[in-house]
>>> print(open('entry.txt').read())   # compact mmCIF, N, CA and C atoms
# COMPACT_ATOMS: atom_id res chain seq x y z
N MET A 143 25.77 27.01 16.01
CA MET A 143 24.75 27.88 16.59
C MET A 143 25.46 28.96 17.41
N ARG A 144 25.04 30.19 17.21
CA ARG A 144 25.63 31.32 17.91
C ARG A 144 24.74 31.72 19.08
N LEU A 145 25.34 31.89 20.26
CA LEU A 145 24.61 32.31 21.45
C LEU A 145 24.88 33.78 21.74
N LEU A 146 23.82 34.54 21.90
CA LEU A 146 23.92 35.93 22.31
C LEU A 146 23.47 35.99 23.77
N ILE A 147 24.23 36.65 24.60
CA ILE A 147 23.96 36.67 26.03
C ILE A 147 23.59 38.08 26.47
N THR A 148 22.48 38.20 27.18
CA THR A 148 22.06 39.51 27.70
C THR A 148 22.86 39.85 28.95
N GLY A 149 22.86 41.09 29.33
CA GLY A 149 23.55 41.53 30.54
C GLY A 149 22.98 40.87 31.78
N THR A 150 21.68 40.67 31.80
CA THR A 150 21.02 40.02 32.93
C THR A 150 21.51 38.59 33.09
N PHE A 151 21.60 37.87 32.00
CA PHE A 151 22.07 36.48 32.03
C PHE A 151 23.52 36.44 32.52
N GLU A 152 24.34 37.31 32.02
CA GLU A 152 25.76 37.33 32.40
C GLU A 152 25.92 37.67 33.88
N LYS A 153 25.14 38.61 34.36
CA LYS A 153 25.22 39.04 35.76
C LYS A 153 24.88 37.89 36.71
N VAL A 154 23.85 37.13 36.37
CA VAL A 154 23.43 36.02 37.23
C VAL A 154 24.45 34.89 37.20
N THR A 155 25.00 34.60 36.04
CA THR A 155 25.93 33.47 35.94
C THR A 155 27.28 33.76 36.60
N LYS A 156 27.65 35.01 36.76
CA LYS A 156 28.90 35.34 37.44
C LYS A 156 28.89 34.89 38.90
N LYS A 157 27.71 34.79 39.49
CA LYS A 157 27.58 34.44 40.90
C LYS A 157 27.63 32.93 41.15
N LEU A 158 27.65 32.13 40.10
CA LEU A 158 27.64 30.67 40.25
C LEU A 158 29.02 30.13 40.61
N HIS A 159 29.03 28.97 41.27
CA HIS A 159 30.28 28.27 41.57
C HIS A 159 30.72 27.50 40.32
N GLY A 160 31.94 27.04 40.33
CA GLY A 160 32.51 26.34 39.18
C GLY A 160 31.71 25.15 38.71
N SER A 161 31.29 24.28 39.64
CA SER A 161 30.53 23.09 39.26
C SER A 161 29.16 23.46 38.70
N GLN A 162 28.58 24.53 39.21
CA GLN A 162 27.29 24.99 38.71
C GLN A 162 27.44 25.55 37.30
N LYS A 163 28.54 26.23 37.02
CA LYS A 163 28.78 26.77 35.69
C LYS A 163 28.94 25.64 34.67
N VAL A 164 29.53 24.52 35.10
CA VAL A 164 29.69 23.37 34.21
C VAL A 164 28.33 22.80 33.84
N LYS A 165 27.44 22.68 34.82
CA LYS A 165 26.09 22.16 34.55
C LYS A 165 25.29 23.12 33.68
N LEU A 166 25.45 24.41 33.90
CA LEU A 166 24.78 25.40 33.07
C LEU A 166 25.29 25.32 31.63
N ALA A 167 26.59 25.14 31.47
CA ALA A 167 27.18 25.01 30.13
C ALA A 167 26.60 23.79 29.42
N GLY A 168 26.38 22.70 30.17
CA GLY A 168 25.75 21.50 29.59
C GLY A 168 24.34 21.79 29.11
N ALA A 169 23.59 22.56 29.90
CA ALA A 169 22.22 22.92 29.50
C ALA A 169 22.25 23.81 28.26
N MET A 170 23.21 24.71 28.19
CA MET A 170 23.32 25.59 27.03
C MET A 170 23.68 24.80 25.77
N LYS A 171 24.50 23.76 25.92
CA LYS A 171 24.83 22.90 24.77
C LYS A 171 23.60 22.17 24.26
N LEU A 172 22.76 21.70 25.21
CA LEU A 172 21.52 21.03 24.80
C LEU A 172 20.60 21.98 24.04
N ILE A 173 20.52 23.21 24.50
CA ILE A 173 19.69 24.21 23.83
C ILE A 173 20.23 24.49 22.43
N CYS A 174 21.55 24.55 22.29
CA CYS A 174 22.15 24.80 20.97
C CYS A 174 21.88 23.65 20.00
N LYS A 175 21.97 22.41 20.50
CA LYS A 175 21.75 21.25 19.64
C LYS A 175 20.30 21.13 19.19
N ALA A 176 19.39 21.41 20.11
CA ALA A 176 17.96 21.28 19.80
C ALA A 176 17.21 22.47 20.41
N PRO A 177 17.16 23.59 19.71
CA PRO A 177 16.53 24.80 20.26
C PRO A 177 15.07 24.61 20.67
N SER A 178 14.39 23.67 20.09
CA SER A 178 12.99 23.45 20.44
C SER A 178 12.83 22.59 21.68
N ILE A 179 13.92 22.30 22.39
CA ILE A 179 13.86 21.48 23.60
C ILE A 179 13.06 22.18 24.70
N GLY A 180 13.06 23.50 24.70
CA GLY A 180 12.34 24.27 25.71
C GLY A 180 10.86 24.35 25.41
N VAL A 181 10.13 24.76 26.41
CA VAL A 181 8.68 24.92 26.30
C VAL A 181 8.38 26.35 25.88
N THR A 182 7.51 26.52 24.90
CA THR A 182 7.14 27.85 24.42
C THR A 182 6.29 28.55 25.46
N LYS A 183 6.65 29.79 25.77
CA LYS A 183 5.86 30.61 26.69
C LYS A 183 4.75 31.28 25.91
N LEU A 184 3.57 31.21 26.43
CA LEU A 184 2.42 31.79 25.74
C LEU A 184 1.97 33.05 26.47
N ARG A 185 0.96 33.67 25.97
CA ARG A 185 0.34 34.85 26.54
C ARG A 185 1.27 36.05 26.60
N ASP A 186 1.86 36.30 27.78
CA ASP A 186 2.63 37.52 28.02
C ASP A 186 4.04 37.49 27.42
N LEU A 187 4.55 36.32 27.11
CA LEU A 187 5.92 36.19 26.63
C LEU A 187 5.99 35.44 25.30
N PRO A 188 5.40 35.98 24.26
CA PRO A 188 5.41 35.27 22.97
C PRO A 188 6.83 35.20 22.38
N GLY A 189 7.16 34.06 21.82
CA GLY A 189 8.47 33.88 21.20
C GLY A 189 9.58 33.52 22.17
N VAL A 190 9.25 33.36 23.43
CA VAL A 190 10.26 33.00 24.44
C VAL A 190 10.10 31.53 24.79
N TYR A 191 11.22 30.83 24.87
CA TYR A 191 11.24 29.43 25.25
C TYR A 191 11.87 29.31 26.63
N GLY A 192 11.42 28.32 27.39
CA GLY A 192 11.99 28.08 28.71
C GLY A 192 12.46 26.64 28.83
N TYR A 193 13.67 26.46 29.31
CA TYR A 193 14.22 25.12 29.51
C TYR A 193 14.48 24.92 31.00
N LYS A 194 13.87 23.88 31.59
CA LYS A 194 14.02 23.59 33.00
C LYS A 194 15.09 22.52 33.19
N PHE A 195 15.92 22.71 34.22
CA PHE A 195 16.91 21.69 34.57
C PHE A 195 17.27 21.82 36.05
N ARG A 196 17.89 20.78 36.57
CA ARG A 196 18.24 20.75 37.99
C ARG A 196 19.67 21.24 38.16
N LEU A 197 19.85 22.06 39.19
CA LEU A 197 21.16 22.59 39.52
C LEU A 197 21.21 22.72 41.04
N SER A 198 22.15 22.03 41.67
CA SER A 198 22.27 22.07 43.14
C SER A 198 20.97 21.68 43.83
N GLN A 199 20.35 20.64 43.35
CA GLN A 199 19.11 20.07 43.90
C GLN A 199 17.94 21.04 43.88
N GLN A 200 17.97 22.02 42.98
CA GLN A 200 16.86 22.95 42.81
C GLN A 200 16.53 23.06 41.34
N GLN A 201 15.28 23.38 41.07
CA GLN A 201 14.81 23.57 39.70
C GLN A 201 15.19 24.97 39.21
N TYR A 202 15.89 25.03 38.10
CA TYR A 202 16.26 26.31 37.49
C TYR A 202 15.65 26.42 36.11
N LEU A 203 15.47 27.63 35.65
CA LEU A 203 14.92 27.90 34.33
C LEU A 203 15.91 28.75 33.54
N CYS A 204 16.00 28.45 32.28
CA CYS A 204 16.80 29.25 31.36
C CYS A 204 15.86 29.68 30.24
N ASP A 205 15.59 30.96 30.14
CA ASP A 205 14.70 31.46 29.09
C ASP A 205 15.52 32.03 27.95
N TYR A 206 15.08 31.74 26.74
CA TYR A 206 15.81 32.17 25.55
C TYR A 206 14.84 32.43 24.42
N ARG A 207 15.34 33.12 23.41
CA ARG A 207 14.56 33.44 22.22
C ARG A 207 15.37 33.00 21.00
N ILE A 208 14.71 32.31 20.07
CA ILE A 208 15.36 31.90 18.84
C ILE A 208 15.23 33.05 17.85
N LEU A 209 16.36 33.65 17.49
CA LEU A 209 16.34 34.80 16.59
C LEU A 209 16.24 34.38 15.13
N ASN A 210 17.05 33.38 14.76
CA ASN A 210 17.00 32.81 13.42
C ASN A 210 17.60 31.41 13.49
N GLU A 211 17.86 30.78 12.37
CA GLU A 211 18.35 29.41 12.37
C GLU A 211 19.74 29.27 12.97
N GLU A 212 20.47 30.36 13.07
CA GLU A 212 21.84 30.30 13.55
C GLU A 212 22.09 31.05 14.85
N SER A 213 21.09 31.71 15.41
CA SER A 213 21.30 32.53 16.60
C SER A 213 20.22 32.31 17.65
N ILE A 214 20.67 32.22 18.90
CA ILE A 214 19.78 32.12 20.05
C ILE A 214 20.21 33.19 21.05
N LYS A 215 19.25 33.90 21.59
CA LYS A 215 19.53 34.93 22.59
C LYS A 215 19.11 34.41 23.96
N LEU A 216 20.09 34.26 24.87
CA LEU A 216 19.81 33.82 26.23
C LEU A 216 19.34 35.03 27.04
N LEU A 217 18.10 34.98 27.51
CA LEU A 217 17.51 36.14 28.18
C LEU A 217 17.84 36.20 29.66
N THR A 218 17.51 35.13 30.38
CA THR A 218 17.75 35.12 31.82
C THR A 218 17.79 33.70 32.32
N PHE A 219 18.26 33.56 33.54
CA PHE A 219 18.45 32.26 34.15
C PHE A 219 18.25 32.42 35.65
N GLY A 220 17.58 31.47 36.28
CA GLY A 220 17.39 31.56 37.72
C GLY A 220 16.42 30.53 38.24
N ARG A 221 16.21 30.59 39.56
CA ARG A 221 15.26 29.68 40.19
C ARG A 221 13.85 30.09 39.80
N GLN A 222 12.94 29.16 39.96
CA GLN A 222 11.58 29.38 39.49
C GLN A 222 10.84 30.44 40.30
N GLU A 223 11.24 30.65 41.54
CA GLU A 223 10.58 31.63 42.39
C GLU A 223 10.72 33.03 41.80
N ASP A 224 9.64 33.71 41.58
CA ASP A 224 9.61 35.09 41.06
C ASP A 224 10.28 35.25 39.70
N PHE A 225 10.52 34.17 39.02
CA PHE A 225 11.25 34.19 37.76
C PHE A 225 10.49 34.95 36.68
N TYR A 226 9.23 34.61 36.50
CA TYR A 226 8.45 35.23 35.43
C TYR A 226 8.14 36.69 35.71
N ARG A 227 7.94 37.03 36.96
CA ARG A 227 7.70 38.43 37.31
C ARG A 227 8.91 39.28 36.92
N ASP A 228 10.11 38.79 37.23
CA ASP A 228 11.32 39.53 36.88
C ASP A 228 11.51 39.62 35.37
N LEU A 229 11.20 38.55 34.66
CA LEU A 229 11.33 38.56 33.19
C LEU A 229 10.35 39.54 32.56
N MET A 230 9.15 39.61 33.09
CA MET A 230 8.15 40.54 32.56
C MET A 230 8.60 41.98 32.80
N ARG A 231 9.24 42.25 33.93
CA ARG A 231 9.72 43.60 34.23
C ARG A 231 10.80 44.04 33.25
N GLN A 232 11.61 43.07 32.79
CA GLN A 232 12.67 43.39 31.85
C GLN A 232 12.10 43.79 30.49
N GLY A 233 10.93 43.28 30.19
CA GLY A 233 10.30 43.61 28.92
C GLY A 233 10.95 42.93 27.73
N LYS A 234 11.51 41.75 27.94
CA LYS A 234 12.18 41.02 26.87
C LYS A 234 11.11 40.36 26.06
>>> encode(input="entry.txt", output="structure tokens")
Amino acid sequence: MRLLITGTFEKVTKKLHGSQKVKLAGAMKLICKAPSIGVTKLRDLPGVYGYKFRLSQQQYLCDYRILNEESIKLLTFGRQEDFYRDLMRQGK
């Protein structure tokens, strides 16, 4: 499975500590193995999946889009607070 990373996703992940990056990499591996593991976003974000996981005792979300059977585009990653508002502004 090929992962495509947006600039927004890359920008946010640069700010993480080493142990946090390891946990994020684990979440990305789970998404690659089973892309349907995330919950489908309805209404305003059709075709976008969201995967929730714990990082540093907080709930984080990783939103992605399945492009085809071999490619997944990672859109954004962050805490749940104001997450959807920021994603809607990006227009992904």
>>> residues_near_point(input="entry.txt", point="(25.5, 30.2, 17.0)", cutoff="10 Å", atoms="only C-alpha atoms", output="count of residues only")
11
>>> closest_residue(input="entry.txt", among="A:Ile147, A:Lys156, A:Arg221, A:Ser178", to="Gln201 (chain A)", atoms="all atoms listed in the file")
A:Arg221
>>> atom_distance(input="entry.txt", atom1="CA of Ser161 (chain A)", atom2="CA of Tyr206 (chain A)")
22.1 Å
>>> closest_residue(input="entry.txt", among="A:Val164, A:Arg231, A:Leu203, A:Arg185", to="Thr218 (chain A)", atoms="only C-alpha atoms")
A:Leu203
>>> select_by_dssp(input="entry.txt", residues="chain A", states="strand (DSSP E or B)", output="ChimeraX atom specification")
/A:144-147,181-182,190-197,200-210,213-221
>>> write_last_selection(input="entry.txt", atoms="N, CA and C atoms", output="mmCIF file, in the frame of the given file")
data_model
loop_
_atom_site.group_PDB
_atom_site.id
_atom_site.type_symbol
_atom_site.label_atom_id
_atom_site.label_comp_id
_atom_site.auth_asym_id
_atom_site.auth_seq_id
_atom_site.Cartn_x
_atom_site.Cartn_y
_atom_site.Cartn_z
ATOM 1 N N ARG A 144 25.040 30.190 17.210
ATOM 2 C CA ARG A 144 25.630 31.320 17.910
ATOM 3 C C ARG A 144 24.740 31.720 19.080
ATOM 4 N N LEU A 145 25.340 31.890 20.260
ATOM 5 C CA LEU A 145 24.610 32.310 21.450
ATOM 6 C C LEU A 145 24.880 33.780 21.740
ATOM 7 N N LEU A 146 23.820 34.540 21.900
ATOM 8 C CA LEU A 146 23.920 35.930 22.310
ATOM 9 C C LEU A 146 23.470 35.990 23.770
ATOM 10 N N ILE A 147 24.230 36.650 24.600
ATOM 11 C CA ILE A 147 23.960 36.670 26.030
ATOM 12 C C ILE A 147 23.590 38.080 26.470
ATOM 13 N N VAL A 181 10.130 24.760 26.410
ATOM 14 C CA VAL A 181 8.680 24.920 26.300
ATOM 15 C C VAL A 181 8.380 26.350 25.880
ATOM 16 N N THR A 182 7.510 26.520 24.900
ATOM 17 C CA THR A 182 7.140 27.850 24.420
ATOM 18 C C THR A 182 6.290 28.550 25.460
ATOM 19 N N VAL A 190 9.250 33.360 23.430
ATOM 20 C CA VAL A 190 10.260 33.000 24.440
ATOM 21 C C VAL A 190 10.100 31.530 24.790
ATOM 22 N N TYR A 191 11.220 30.830 24.870
ATOM 23 C CA TYR A 191 11.240 29.430 25.250
ATOM 24 C C TYR A 191 11.870 29.310 26.630
ATOM 25 N N GLY A 192 11.420 28.320 27.390
ATOM 26 C CA GLY A 192 11.990 28.080 28.710
ATOM 27 C C GLY A 192 12.460 26.640 28.830
ATOM 28 N N TYR A 193 13.670 26.460 29.310
ATOM 29 C CA TYR A 193 14.220 25.120 29.510
ATOM 30 C C TYR A 193 14.480 24.920 31.000
ATOM 31 N N LYS A 194 13.870 23.880 31.590
ATOM 32 C CA LYS A 194 14.020 23.590 33.000
ATOM 33 C C LYS A 194 15.090 22.520 33.190
ATOM 34 N N PHE A 195 15.920 22.710 34.220
ATOM 35 C CA PHE A 195 16.910 21.690 34.570
ATOM 36 C C PHE A 195 17.270 21.820 36.050
ATOM 37 N N ARG A 196 17.890 20.780 36.570
ATOM 38 C CA ARG A 196 18.240 20.750 37.990
ATOM 39 C C ARG A 196 19.670 21.240 38.160
ATOM 40 N N LEU A 197 19.850 22.060 39.190
ATOM 41 C CA LEU A 197 21.160 22.590 39.520
ATOM 42 C C LEU A 197 21.210 22.720 41.040
ATOM 43 N N GLN A 200 17.970 22.020 42.980
ATOM 44 C CA GLN A 200 16.860 22.950 42.810
ATOM 45 C C GLN A 200 16.530 23.060 41.340
ATOM 46 N N GLN A 201 15.280 23.380 41.070
ATOM 47 C CA GLN A 201 14.810 23.570 39.700
ATOM 48 C C GLN A 201 15.190 24.970 39.210
ATOM 49 N N TYR A 202 15.890 25.030 38.100
ATOM 50 C CA TYR A 202 16.260 26.310 37.490
ATOM 51 C C TYR A 202 15.650 26.420 36.110
ATOM 52 N N LEU A 203 15.470 27.630 35.650
ATOM 53 C CA LEU A 203 14.920 27.900 34.330
ATOM 54 C C LEU A 203 15.910 28.750 33.540
ATOM 55 N N CYS A 204 16.000 28.450 32.280
ATOM 56 C CA CYS A 204 16.800 29.250 31.360
ATOM 57 C C CYS A 204 15.860 29.680 30.240
ATOM 58 N N ASP A 205 15.590 30.960 30.140
ATOM 59 C CA ASP A 205 14.700 31.460 29.090
ATOM 60 C C ASP A 205 15.520 32.030 27.950
ATOM 61 N N TYR A 206 15.080 31.740 26.740
ATOM 62 C CA TYR A 206 15.810 32.170 25.550
ATOM 63 C C TYR A 206 14.840 32.430 24.420
ATOM 64 N N ARG A 207 15.340 33.120 23.410
ATOM 65 C CA ARG A 207 14.560 33.440 22.220
ATOM 66 C C ARG A 207 15.370 33.000 21.000
ATOM 67 N N ILE A 208 14.710 32.310 20.070
ATOM 68 C CA ILE A 208 15.360 31.900 18.840
ATOM 69 C C ILE A 208 15.230 33.050 17.850
ATOM 70 N N LEU A 209 16.360 33.650 17.490
ATOM 71 C CA LEU A 209 16.340 34.800 16.590
ATOM 72 C C LEU A 209 16.240 34.380 15.130
ATOM 73 N N ASN A 210 17.050 33.380 14.760
ATOM 74 C CA ASN A 210 17.000 32.810 13.420
ATOM 75 C C ASN A 210 17.600 31.410 13.490
ATOM 76 N N SER A 213 21.090 31.710 15.410
ATOM 77 C CA SER A 213 21.300 32.530 16.600
ATOM 78 C C SER A 213 20.220 32.310 17.650
ATOM 79 N N ILE A 214 20.670 32.220 18.900
ATOM 80 C CA ILE A 214 19.780 32.120 20.050
ATOM 81 C C ILE A 214 20.210 33.190 21.050
ATOM 82 N N LYS A 215 19.250 33.900 21.590
ATOM 83 C CA LYS A 215 19.530 34.930 22.590
ATOM 84 C C LYS A 215 19.110 34.410 23.960
ATOM 85 N N LEU A 216 20.090 34.260 24.870
ATOM 86 C CA LEU A 216 19.810 33.820 26.230
ATOM 87 C C LEU A 216 19.340 35.030 27.040
ATOM 88 N N LEU A 217 18.100 34.980 27.510
ATOM 89 C CA LEU A 217 17.510 36.140 28.180
ATOM 90 C C LEU A 217 17.840 36.200 29.660
ATOM 91 N N THR A 218 17.510 35.130 30.380
ATOM 92 C CA THR A 218 17.750 35.120 31.820
ATOM 93 C C THR A 218 17.790 33.700 32.320
ATOM 94 N N PHE A 219 18.260 33.560 33.540
ATOM 95 C CA PHE A 219 18.450 32.260 34.150
ATOM 96 C C PHE A 219 18.250 32.420 35.650
ATOM 97 N N GLY A 220 17.580 31.470 36.280
ATOM 98 C CA GLY A 220 17.390 31.560 37.720
ATOM 99 C C GLY A 220 16.420 30.530 38.240
ATOM 100 N N ARG A 221 16.210 30.590 39.560
ATOM 101 C CA ARG A 221 15.260 29.680 40.190
ATOM 102 C C ARG A 221 13.850 30.090 39.800
#
>>> atom_distance(input="entry.txt", atom1="CA of Leu187 (chain A)", atom2="CA of Leu209 (chain A)")
14.5 Å
>>> residues_near_point(input="entry.txt", point="(14.0, 25.9, 36.0)", cutoff="6.5 Å", atoms="only N, CA and C atoms", output="ChimeraX atom specification")
/A:193-196,201-204,220-222
>>> select_by_dssp(input="entry.txt", residues="chain A", states="alpha helix (DSSP H)", output="MDAnalysis selection string")
chainID A and resid 149:156 160:175 225:232
>>> write_last_selection(input="entry.txt", atoms="N, CA and C atoms", output="mmCIF file, keeping the file's coordinate frame")
data_model
loop_
_atom_site.group_PDB
_atom_site.id
_atom_site.type_symbol
_atom_site.label_atom_id
_atom_site.label_comp_id
_atom_site.auth_asym_id
_atom_site.auth_seq_id
_atom_site.Cartn_x
_atom_site.Cartn_y
_atom_site.Cartn_z
ATOM 1 N N GLY A 149 22.860 41.090 29.330
ATOM 2 C CA GLY A 149 23.550 41.530 30.540
ATOM 3 C C GLY A 149 22.980 40.870 31.780
ATOM 4 N N THR A 150 21.680 40.670 31.800
ATOM 5 C CA THR A 150 21.020 40.020 32.930
ATOM 6 C C THR A 150 21.510 38.590 33.090
ATOM 7 N N PHE A 151 21.600 37.870 32.000
ATOM 8 C CA PHE A 151 22.070 36.480 32.030
ATOM 9 C C PHE A 151 23.520 36.440 32.520
ATOM 10 N N GLU A 152 24.340 37.310 32.020
ATOM 11 C CA GLU A 152 25.760 37.330 32.400
ATOM 12 C C GLU A 152 25.920 37.670 33.880
ATOM 13 N N LYS A 153 25.140 38.610 34.360
ATOM 14 C CA LYS A 153 25.220 39.040 35.760
ATOM 15 C C LYS A 153 24.880 37.890 36.710
ATOM 16 N N VAL A 154 23.850 37.130 36.370
ATOM 17 C CA VAL A 154 23.430 36.020 37.230
ATOM 18 C C VAL A 154 24.450 34.890 37.200
ATOM 19 N N THR A 155 25.000 34.600 36.040
ATOM 20 C CA THR A 155 25.930 33.470 35.940
ATOM 21 C C THR A 155 27.280 33.760 36.600
ATOM 22 N N LYS A 156 27.650 35.010 36.760
ATOM 23 C CA LYS A 156 28.900 35.340 37.440
ATOM 24 C C LYS A 156 28.890 34.890 38.900
ATOM 25 N N GLY A 160 31.940 27.040 40.330
ATOM 26 C CA GLY A 160 32.510 26.340 39.180
ATOM 27 C C GLY A 160 31.710 25.150 38.710
ATOM 28 N N SER A 161 31.290 24.280 39.640
ATOM 29 C CA SER A 161 30.530 23.090 39.260
ATOM 30 C C SER A 161 29.160 23.460 38.700
ATOM 31 N N GLN A 162 28.580 24.530 39.210
ATOM 32 C CA GLN A 162 27.290 24.990 38.710
ATOM 33 C C GLN A 162 27.440 25.550 37.300
ATOM 34 N N LYS A 163 28.540 26.230 37.020
ATOM 35 C CA LYS A 163 28.780 26.770 35.690
ATOM 36 C C LYS A 163 28.940 25.640 34.670
ATOM 37 N N VAL A 164 29.530 24.520 35.100
ATOM 38 C CA VAL A 164 29.690 23.370 34.210
ATOM 39 C C VAL A 164 28.330 22.800 33.840
ATOM 40 N N LYS A 165 27.440 22.680 34.820
ATOM 41 C CA LYS A 165 26.090 22.160 34.550
ATOM 42 C C LYS A 165 25.290 23.120 33.680
ATOM 43 N N LEU A 166 25.450 24.410 33.900
ATOM 44 C CA LEU A 166 24.780 25.400 33.070
ATOM 45 C C LEU A 166 25.290 25.320 31.630
ATOM 46 N N ALA A 167 26.590 25.140 31.470
ATOM 47 C CA ALA A 167 27.180 25.010 30.130
ATOM 48 C C ALA A 167 26.600 23.790 29.420
ATOM 49 N N GLY A 168 26.380 22.700 30.170
ATOM 50 C CA GLY A 168 25.750 21.500 29.590
ATOM 51 C C GLY A 168 24.340 21.790 29.110
ATOM 52 N N ALA A 169 23.590 22.560 29.900
ATOM 53 C CA ALA A 169 22.220 22.920 29.500
ATOM 54 C C ALA A 169 22.250 23.810 28.260
ATOM 55 N N MET A 170 23.210 24.710 28.190
ATOM 56 C CA MET A 170 23.320 25.590 27.030
ATOM 57 C C MET A 170 23.680 24.800 25.770
ATOM 58 N N LYS A 171 24.500 23.760 25.920
ATOM 59 C CA LYS A 171 24.830 22.900 24.770
ATOM 60 C C LYS A 171 23.600 22.170 24.260
ATOM 61 N N LEU A 172 22.760 21.700 25.210
ATOM 62 C CA LEU A 172 21.520 21.030 24.800
ATOM 63 C C LEU A 172 20.600 21.980 24.040
ATOM 64 N N ILE A 173 20.520 23.210 24.500
ATOM 65 C CA ILE A 173 19.690 24.210 23.830
ATOM 66 C C ILE A 173 20.230 24.490 22.430
ATOM 67 N N CYS A 174 21.550 24.550 22.290
ATOM 68 C CA CYS A 174 22.150 24.800 20.970
ATOM 69 C C CYS A 174 21.880 23.650 20.000
ATOM 70 N N LYS A 175 21.970 22.410 20.500
ATOM 71 C CA LYS A 175 21.750 21.250 19.640
ATOM 72 C C LYS A 175 20.300 21.130 19.190
ATOM 73 N N PHE A 225 10.520 34.170 39.020
ATOM 74 C CA PHE A 225 11.250 34.190 37.760
ATOM 75 C C PHE A 225 10.490 34.950 36.680
ATOM 76 N N TYR A 226 9.230 34.610 36.500
ATOM 77 C CA TYR A 226 8.450 35.230 35.430
ATOM 78 C C TYR A 226 8.140 36.690 35.710
ATOM 79 N N ARG A 227 7.940 37.030 36.960
ATOM 80 C CA ARG A 227 7.700 38.430 37.310
ATOM 81 C C ARG A 227 8.910 39.280 36.920
ATOM 82 N N ASP A 228 10.110 38.790 37.230
ATOM 83 C CA ASP A 228 11.320 39.530 36.880
ATOM 84 C C ASP A 228 11.510 39.620 35.370
ATOM 85 N N LEU A 229 11.200 38.550 34.660
ATOM 86 C CA LEU A 229 11.330 38.560 33.190
ATOM 87 C C LEU A 229 10.350 39.540 32.560
ATOM 88 N N MET A 230 9.150 39.610 33.090
ATOM 89 C CA MET A 230 8.150 40.540 32.560
ATOM 90 C C MET A 230 8.600 41.980 32.800
ATOM 91 N N ARG A 231 9.240 42.250 33.930
ATOM 92 C CA ARG A 231 9.720 43.600 34.230
ATOM 93 C C ARG A 231 10.800 44.040 33.250
ATOM 94 N N GLN A 232 11.610 43.070 32.790
ATOM 95 C CA GLN A 232 12.670 43.390 31.850
ATOM 96 C C GLN A 232 12.100 43.790 30.490
#
>>> axis_aligned_box(input="entry.txt", around="region 180-188 of chain A", padding_each_side="5 Å", output="lines of an AutoDock Vina configuration file")
center_x = 6.7
center_y = 30.5
center_z = 25.2
size_x = 22.7
size_y = 24.0
size_z = 15.6
>>> closest_residue(input="entry.txt", among="A:Val190, A:Ala176, A:Leu158, A:Ala169", to="Leu217 (chain A)", atoms="only C-alpha atoms")
A:Val190
>>> atom_distance(input="entry.txt", atom1="atom C of His159 (chain A)", atom2="atom N of Thr182 (chain A)")
27.9 Å
